[in-house]
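What follows is my_file-v8.tsv (TSV, C-alpha atoms and all ligand atoms).
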```tsv
chain	number	residue	atom	x	y	z
I	15	MET	CA	75.79	118.52	93.11
I	16	GLN	CA	78.85	119.95	94.76
I	17	ARG	CA	81.44	117.43	95.90
I	18	GLY	CA	81.90	117.28	99.68
I	19	LYS	CA	85.15	118.13	101.43
I	20	PHE	CA	87.65	115.57	102.68
I	21	ILE	CA	89.31	116.33	106.01
I	22	THR	CA	91.92	114.11	107.66
I	23	LEU	CA	93.27	114.15	111.22
I	24	GLU	CA	96.81	113.11	112.01
I	25	GLY	CA	99.09	112.93	115.01
I	26	LEU	CA	101.02	110.59	117.26
I	27	ASP	CA	99.11	108.02	119.29
I	28	GLY	CA	98.05	110.00	122.36
I	29	ALA	CA	97.81	113.37	120.55
I	30	GLY	CA	94.08	113.59	121.39
I	31	LYS	CA	92.75	113.12	117.86
I	32	SER	CA	89.56	111.33	118.93
I	33	THR	CA	88.41	114.25	121.12
I	34	HIS	CA	89.05	116.73	118.30
I	35	LEU	CA	87.36	114.50	115.76
I	36	THR	CA	84.15	114.43	117.82
I	37	TRP	CA	84.29	118.21	118.20
I	38	LEU	CA	84.81	118.69	114.46
I	39	GLU	CA	81.97	116.35	113.56
I	40	ASN	CA	79.56	118.34	115.80
I	41	PHE	CA	80.86	121.66	114.49
I	42	LEU	CA	80.21	120.65	110.88
I	43	GLU	CA	76.82	119.11	111.64
I	44	ASP	CA	75.77	122.34	113.37
I	45	LYS	CA	76.44	124.06	110.05
I	46	GLY	CA	73.97	121.68	108.40
I	47	ILE	CA	76.64	119.56	106.69
I	48	ASP	CA	76.17	115.79	106.27
I	49	VAL	CA	79.29	114.29	107.81
I	50	VAL	CA	80.70	110.79	107.45
I	51	THR	CA	83.35	110.01	110.06
I	52	THR	CA	85.66	107.13	109.42
I	53	ARG	CA	89.15	105.88	110.20
I	54	GLU	CA	92.27	104.25	108.82
I	55	PRO	CA	93.32	101.58	108.73
I	56	GLY	CA	89.69	100.50	108.58
I	57	GLY	CA	86.42	102.09	107.57
I	58	THR	CA	85.18	99.07	105.57
I	59	LEU	CA	84.56	95.44	106.49
I	60	LEU	CA	87.76	94.27	104.84
I	61	GLY	CA	89.64	97.34	106.09
I	62	GLU	CA	88.65	96.60	109.69
I	63	GLN	CA	89.86	93.01	109.27
I	64	LEU	CA	93.17	94.32	107.95
I	65	ARG	CA	93.28	96.76	110.88
I	66	ALA	CA	92.92	93.88	113.34
I	67	LEU	CA	95.94	92.16	111.75
I	68	LEU	CA	97.97	95.38	111.56
I	69	LEU	CA	97.41	96.32	115.20
I	70	ASP	CA	97.69	92.83	116.70
I	71	PRO	CA	100.83	92.86	118.90
I	72	SER	CA	101.33	89.11	118.33
I	73	GLN	CA	101.78	89.62	114.55
I	74	TYR	CA	105.21	89.98	113.09
I	75	MET	CA	105.38	91.31	109.55
I	76	HIS	CA	107.97	92.82	107.24
I	77	MET	CA	107.78	96.64	107.21
I	78	GLU	CA	106.88	96.61	103.50
I	79	THR	CA	104.10	94.10	104.10
I	80	GLU	CA	102.77	96.52	106.70
I	81	ALA	CA	102.91	99.40	104.20
I	82	LEU	CA	101.20	97.32	101.49
I	83	LEU	CA	98.39	96.31	103.86
I	84	MET	CA	97.87	99.95	104.89
I	85	PHE	CA	97.48	100.92	101.24
I	86	ALA	CA	95.31	97.87	100.48
I	87	ALA	CA	92.93	98.96	103.26
I	88	ARG	CA	93.05	102.51	101.85
I	89	ARG	CA	92.19	101.36	98.31
I	90	GLU	CA	89.08	99.69	99.68
I	91	HIS	CA	88.24	102.68	101.86
I	92	LEU	CA	88.45	105.10	98.91
I	93	ASP	CA	86.31	102.85	96.73
I	94	LYS	CA	83.61	101.98	99.24
I	95	ILE	CA	83.36	104.96	101.58
I	96	ILE	CA	85.42	108.08	100.84
I	97	LEU	CA	84.78	108.72	97.13
I	98	PRO	CA	81.09	107.68	97.03
I	99	SER	CA	80.34	109.89	100.08
I	100	LEU	CA	82.13	112.90	98.59
I	101	HIS	CA	80.27	112.44	95.31
I	102	ARG	CA	76.97	112.41	97.18
I	103	GLY	CA	77.95	115.83	98.59
I	104	GLU	CA	78.73	114.54	102.07
I	105	TRP	CA	81.84	115.63	103.91
I	106	VAL	CA	84.24	112.93	105.04
I	107	VAL	CA	86.33	113.26	108.18
I	108	SER	CA	88.91	110.51	108.50
I	109	ASP	CA	90.94	109.66	111.58
I	110	ARG	CA	94.25	109.23	109.66
I	111	PHE	CA	95.02	108.82	105.94
I	112	THR	CA	98.13	108.62	103.74
I	113	ASP	CA	100.25	111.05	105.79
I	114	ALA	CA	100.20	108.37	108.52
I	115	SER	CA	101.84	105.89	106.13
I	116	PHE	CA	104.63	108.36	105.37
I	117	ALA	CA	105.06	109.08	109.10
I	118	TYR	CA	104.75	105.56	110.58
I	119	GLN	CA	105.91	103.24	107.78
I	120	GLY	CA	108.31	105.76	106.23
I	121	GLY	CA	109.64	107.68	109.24
I	122	GLY	CA	109.01	105.12	111.97
I	123	ARG	CA	109.84	101.84	110.24
I	124	GLY	CA	112.15	103.09	107.50
I	125	VAL	CA	110.26	102.06	104.35
I	126	ALA	CA	111.72	104.07	101.42
I	127	PHE	CA	109.68	107.21	100.78
I	128	ASP	CA	109.81	106.69	97.02
I	129	LYS	CA	108.18	103.29	97.40
I	130	LEU	CA	105.42	104.87	99.47
I	131	GLN	CA	105.00	107.52	96.78
I	132	ILE	CA	104.48	104.80	94.20
I	133	LEU	CA	101.79	103.22	96.36
I	134	GLU	CA	100.18	106.62	96.94
I	135	GLN	CA	100.11	107.28	93.20
I	136	TRP	CA	98.73	103.80	92.54
I	137	VAL	CA	95.98	103.92	95.14
I	138	GLN	CA	94.83	107.54	94.96
I	139	GLY	CA	96.38	109.19	91.88
I	140	ILE	CA	96.32	112.95	92.45
I	141	PHE	CA	93.49	112.74	95.00
I	142	GLN	CA	94.40	114.47	98.29
I	143	PRO	CA	92.50	115.68	101.36
I	144	ASP	CA	91.17	119.24	101.16
I	145	LEU	CA	92.54	119.82	104.65
I	146	THR	CA	94.76	117.80	106.98
I	147	LEU	CA	94.93	118.72	110.65
I	148	TYR	CA	98.13	117.55	112.28
I	149	PHE	CA	97.92	117.58	116.09
I	150	ASP	CA	101.45	118.01	117.33
I	151	VAL	CA	102.45	116.98	120.86
I	152	PRO	CA	105.81	116.41	122.51
I	153	ILE	CA	106.72	112.70	122.54
I	154	GLU	CA	106.72	112.56	126.35
I	155	MET	CA	103.12	113.78	126.53
I	156	ALA	CA	101.93	111.37	123.86
I	157	ARG	CA	103.72	108.46	125.55
I	158	GLN	CA	102.27	109.26	128.95
I	159	ARG	CA	98.74	109.33	127.56
I	160	VAL	CA	99.16	106.04	125.71
I	161	GLN	CA	100.77	104.24	128.64
I	162	SER	CA	97.83	105.13	130.87
I	163	VAL	CA	95.70	102.86	128.63
I	164	LYS	CA	96.08	99.24	129.77
I	165	ILE	CA	96.35	97.37	126.47
I	166	THR	CA	98.65	98.86	123.85
I	167	ASP	CA	98.55	97.82	120.18
I	168	ARG	CA	101.42	96.90	117.86
I	169	PHE	CA	102.31	100.56	117.19
I	170	GLU	CA	101.63	101.95	120.66
I	171	SER	CA	104.02	99.39	122.15
I	172	GLU	CA	106.93	100.73	120.03
I	173	HIS	CA	109.89	102.45	121.75
I	174	ASP	CA	110.37	106.22	122.07
I	175	GLN	CA	112.88	106.43	119.20
I	176	PHE	CA	110.25	105.08	116.85
I	177	PHE	CA	107.88	107.90	117.87
I	178	HIS	CA	110.61	110.51	117.52
I	179	ARG	CA	111.06	109.40	113.92
I	180	VAL	CA	107.29	109.38	113.32
I	181	ARG	CA	106.99	112.94	114.63
I	182	GLU	CA	109.95	114.13	112.55
I	183	ALA	CA	108.34	112.67	109.44
I	184	TYR	CA	105.03	114.39	110.23
I	185	LEU	CA	106.82	117.73	110.75
I	186	GLN	CA	108.58	117.25	107.43
I	187	ARG	CA	105.22	116.66	105.71
I	188	VAL	CA	103.87	119.88	107.26
I	189	GLN	CA	106.82	121.78	105.73
I	190	GLN	CA	106.41	120.03	102.41
I	191	PHE	CA	102.64	120.67	102.07
I	192	PRO	CA	101.97	123.89	104.00
I	193	GLU	CA	98.76	124.64	102.10
I	194	ARG	CA	97.12	121.32	102.84
I	195	ILE	CA	98.54	120.28	106.21
I	196	ARG	CA	97.99	122.62	109.16
I	197	LEU	CA	99.83	122.08	112.42
I	198	ILE	CA	97.95	122.53	115.67
I	199	ASP	CA	99.85	122.65	118.96
I	200	ALA	CA	97.93	119.95	120.84
I	201	GLY	CA	100.09	120.28	123.94
I	202	GLN	CA	98.05	123.34	124.98
I	203	PRO	CA	94.97	123.12	127.23
I	204	LEU	CA	92.04	121.53	125.39
I	205	HIS	CA	90.14	124.81	125.16
I	206	GLU	CA	93.06	126.48	123.35
I	207	VAL	CA	93.39	123.57	120.94
I	208	THR	CA	89.70	123.82	120.10
I	209	ILE	CA	90.00	127.56	119.40
I	210	ALA	CA	92.97	126.93	117.07
I	211	LEU	CA	91.10	124.10	115.34
I	212	GLU	CA	87.97	126.19	114.81
I	213	GLY	CA	90.04	129.08	113.41
I	214	ILE	CA	91.75	126.87	110.85
I	215	VAL	CA	88.59	125.06	109.74
I	216	GLN	CA	86.70	128.32	109.41
I	217	GLU	CA	89.50	130.03	107.48
I	218	THR	CA	90.33	127.19	105.10
I	219	LEU	CA	86.90	125.69	104.37
I	220	PHE	CA	84.32	128.43	104.91
I	221	ASN	CA	85.89	131.63	103.59
Q	301	LIG	P1	94.81	105.03	115.84
Q	301	LIG	O1	94.20	105.65	114.66
Q	301	LIG	O2	95.67	105.87	116.66
Q	301	LIG	O3	93.62	104.38	116.65
Q	301	LIG	P2	93.43	104.24	118.21
Q	301	LIG	O4	93.21	105.66	118.64
Q	301	LIG	O5	92.22	103.36	118.26
Q	301	LIG	O6	94.68	103.62	118.74
Q	301	LIG	O7	95.59	103.67	115.51
Q	301	LIG	C1	95.97	103.28	114.29
Q	301	LIG	C2	97.43	102.94	114.28
Q	301	LIG	O8	97.80	102.64	112.96
Q	301	LIG	C3	98.31	104.10	114.75
Q	301	LIG	O9	99.24	103.62	115.68
Q	301	LIG	C4	99.04	104.52	113.49
Q	301	LIG	C5	98.97	103.33	112.60
Q	301	LIG	N1	98.94	103.66	111.17
Q	301	LIG	C6	100.07	103.47	110.41
Q	301	LIG	O10	101.10	103.03	110.93
Q	301	LIG	N2	100.04	103.75	109.06
Q	301	LIG	C7	98.93	104.20	108.44
Q	301	LIG	O11	98.93	104.44	107.21
Q	301	LIG	C8	97.75	104.40	109.23
Q	301	LIG	C9	96.49	104.90	108.58
Q	301	LIG	C10	97.79	104.12	110.60
```

Please re-express this file's structure in structure tokens.
Ligand code: TYD
Amino acid sequence: MQRGKFITLEGLDGAGKSTHLTWLENFLEDKGIDVVTTREPGGTLLGEQLRALLLDPSQYMHMETEALLMFAARREHLDKIILPSLHRGEWVVSDRFTDASFAYQGGGRGVAFDKLQILEQWVQGIFQPDLTLYFDVPIEMARQRVQSVKITDRFESEHDQFFHRVREAYLQRVQQFPERIRLIDAGQPLHEVTIALEGIVQETLFN
């Protein structure tokens, strides 16, 4: 049986990932593909418990503890959900994956990139998504969208400088891995974003 494809979605909080994820799931299902949608941190029982701790605004933790917990949740996610699904031939679409750790813990918090690389190597070896869609929006737009939600989590309540650094780190990843990570301008009207998204998915995974 052919292994399924692994697609990840990335972007700042407020970039509109959830809307695009739902669209992508329907698009793939319409092609007759079995799709598993999941998220990070989370996706498993233990992962969701770690997520609750990681997002709880009343938690204080060292930035490296945060990075370790993200990768601990990921280890579990790979073992229980991602790899078994791919081996069954299903496609996995994950709302965030390792690029988020480089952007948020590396860029945002300042955890050394080489330490994150060690964790990446430890947890996933050479395994990488087949395609990563990075939804890029200006900070102001992302912030406005997040602040319109009443309760913000431990990341969403960070200051603008933090998000500038996160975005810079994402843009750097796009430059570093141009084959795998595709940037989509998510500041455009929704319809335009969807057209761009469809074009990329079609070109990279169905040609
Ligand atoms: P997010 O996926 O945006 O969910 P929601 O749309 O429900 O807010 O929230 C997850 C948060 O976790 C987000 O702020 C980014 C952060 N995060 C990291 O800091 N590092 C990581 O490795 C991952 C996967 C997520």

Would you list the residues that come within 7 Å of ligand LIG 301 (chain Q)? Count only C-alpha atoms and all ligand atoms and give the answer as a PDB file with C-alpha atoms, keeping the file's coordinate frame.
```pdb
ATOM      1  CA  ASP I  27      99.110 108.020 119.290  1.00  0.00           C
ATOM      2  CA  SER I  32      89.560 111.330 118.930  1.00  0.00           C
ATOM      3  CA  ARG I  53      89.150 105.880 110.200  1.00  0.00           C
ATOM      4  CA  GLU I  54      92.270 104.250 108.820  1.00  0.00           C
ATOM      5  CA  PRO I  55      93.320 101.580 108.730  1.00  0.00           C
ATOM      6  CA  LEU I  69      97.410  96.320 115.200  1.00  0.00           C
ATOM      7  CA  MET I  84      97.870  99.950 104.890  1.00  0.00           C
ATOM      8  CA  ASP I 109      90.940 109.660 111.580  1.00  0.00           C
ATOM      9  CA  ARG I 110      94.250 109.230 109.660  1.00  0.00           C
ATOM     10  CA  PHE I 111      95.020 108.820 105.940  1.00  0.00           C
ATOM     11  CA  THR I 112      98.130 108.620 103.740  1.00  0.00           C
ATOM     12  CA  ASP I 113     100.250 111.050 105.790  1.00  0.00           C
ATOM     13  CA  ALA I 114     100.200 108.370 108.520  1.00  0.00           C
ATOM     14  CA  SER I 115     101.840 105.890 106.130  1.00  0.00           C
ATOM     15  CA  TYR I 118     104.750 105.560 110.580  1.00  0.00           C
ATOM     16  CA  GLN I 119     105.910 103.240 107.780  1.00  0.00           C
ATOM     17  CA  PHE I 169     102.310 100.560 117.190  1.00  0.00           C
ATOM     18  CA  GLU I 170     101.630 101.950 120.660  1.00  0.00           C
TER      19      GLU I 170
END
```

Closest of I:Pro203, I:Gly25, I:Gly139, I:Gly122 to I:Glu80 - atom-to-atom distances counting all atoms listed in the file = I:Gly122

task = To one decimal in Å, tell me the separation between atom CA of I:Arg157 and atom CA of I:Asp174.
result = 7.8 Å

Which of I:Thr166, I:Phe20, I:Leu130, I:Glu212 sits closest to I:Ser72 [using all atoms listed in the file] =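 Comparing I:Thr166, I:Phe20, I:Leu130, I:Glu212 against I:Ser72, the winner is I:Thr166.
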
Quick one: which stretch 120-188 of chain I residues come within 12 Å of stretch 86-90 of chain I, and what is the nearest atom pair for each with the distance in Å to one decimal, counting all atoms listed in the file, rows ordered by chain and ascending number, as a Markdown table?
```
| residue | atom | partner | partner_atom | distance |
| --- | --- | --- | --- | --- |
| I:Leu133 | CA | I:Ala86 | CA | 9.4 |
| I:Glu134 | CA | I:Arg88 | CA | 9.6 |
| I:Gln135 | CA | I:Arg89 | CA | 11.1 |
| I:Trp136 | CA | I:Arg89 | CA | 9.1 |
| I:Val137 | CA | I:Arg89 | CA | 5.6 |
| I:Gln138 | CA | I:Arg89 | CA | 7.5 |
| I:Gly139 | CA | I:Arg89 | CA | 11.0 |
| I:Phe141 | CA | I:Arg89 | CA | 11.9 |
```

Taking all atoms of stretch 134-149 of chain I that the file lists and extending 5 Å past them on each side, where is the centre of the axis-aligned box and how long are its edges? Answer in Å to one decimal, as JSON.
```
{"center_x": 95.7, "center_y": 111.8, "center_z": 104.0, "size_x": 19.0, "size_y": 26.0, "size_z": 34.2}
```

ask   = Quick one: residues within 6 Å of I:Glu104, all atoms listed in the file counted, chain neighbours fewer than 3 positions away excluded, as a list in words?
value =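 Residues near the query, excluding close chain neighbours: Gly18, Asp48, Val49, Ser99 and Leu100 of chain I.
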
request  = Write out as an MDAnalysis selection string the residues lying within 7 Å of I:Gly121, counting only C-alpha atoms and excluding same-chain residues fewer than 2 positions away.
outcome  = chainID I and resid 116:119 123:124 179:180 183

query = For I:Ile195, which of I:Glu217, I:Asp128, I:Glu154, I:Asp144 is the closest residue, counting only C-alpha atoms?
reply =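 For I:Ile195, the nearest of the given residues is I:Asp144.
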
query = If we count only C-alpha atoms, what is near I:Gly28 at a cut-off of 7 Å, once residues fewer than 5 positions away on the same chain are taken out, given as a PyMOL selection string?
reply = chain I and resi 156-157+159-160

inquiry  = Which residue is closest to I:Leu60? Choose from I:Gly30, I:Lys94, I:Leu204, I:Val151 and count only C-alpha atoms.
reply    =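 Nearest candidate to I:Leu60 out of I:Gly30, I:Lys94, I:Leu204, I:Val151: I:Lys94.
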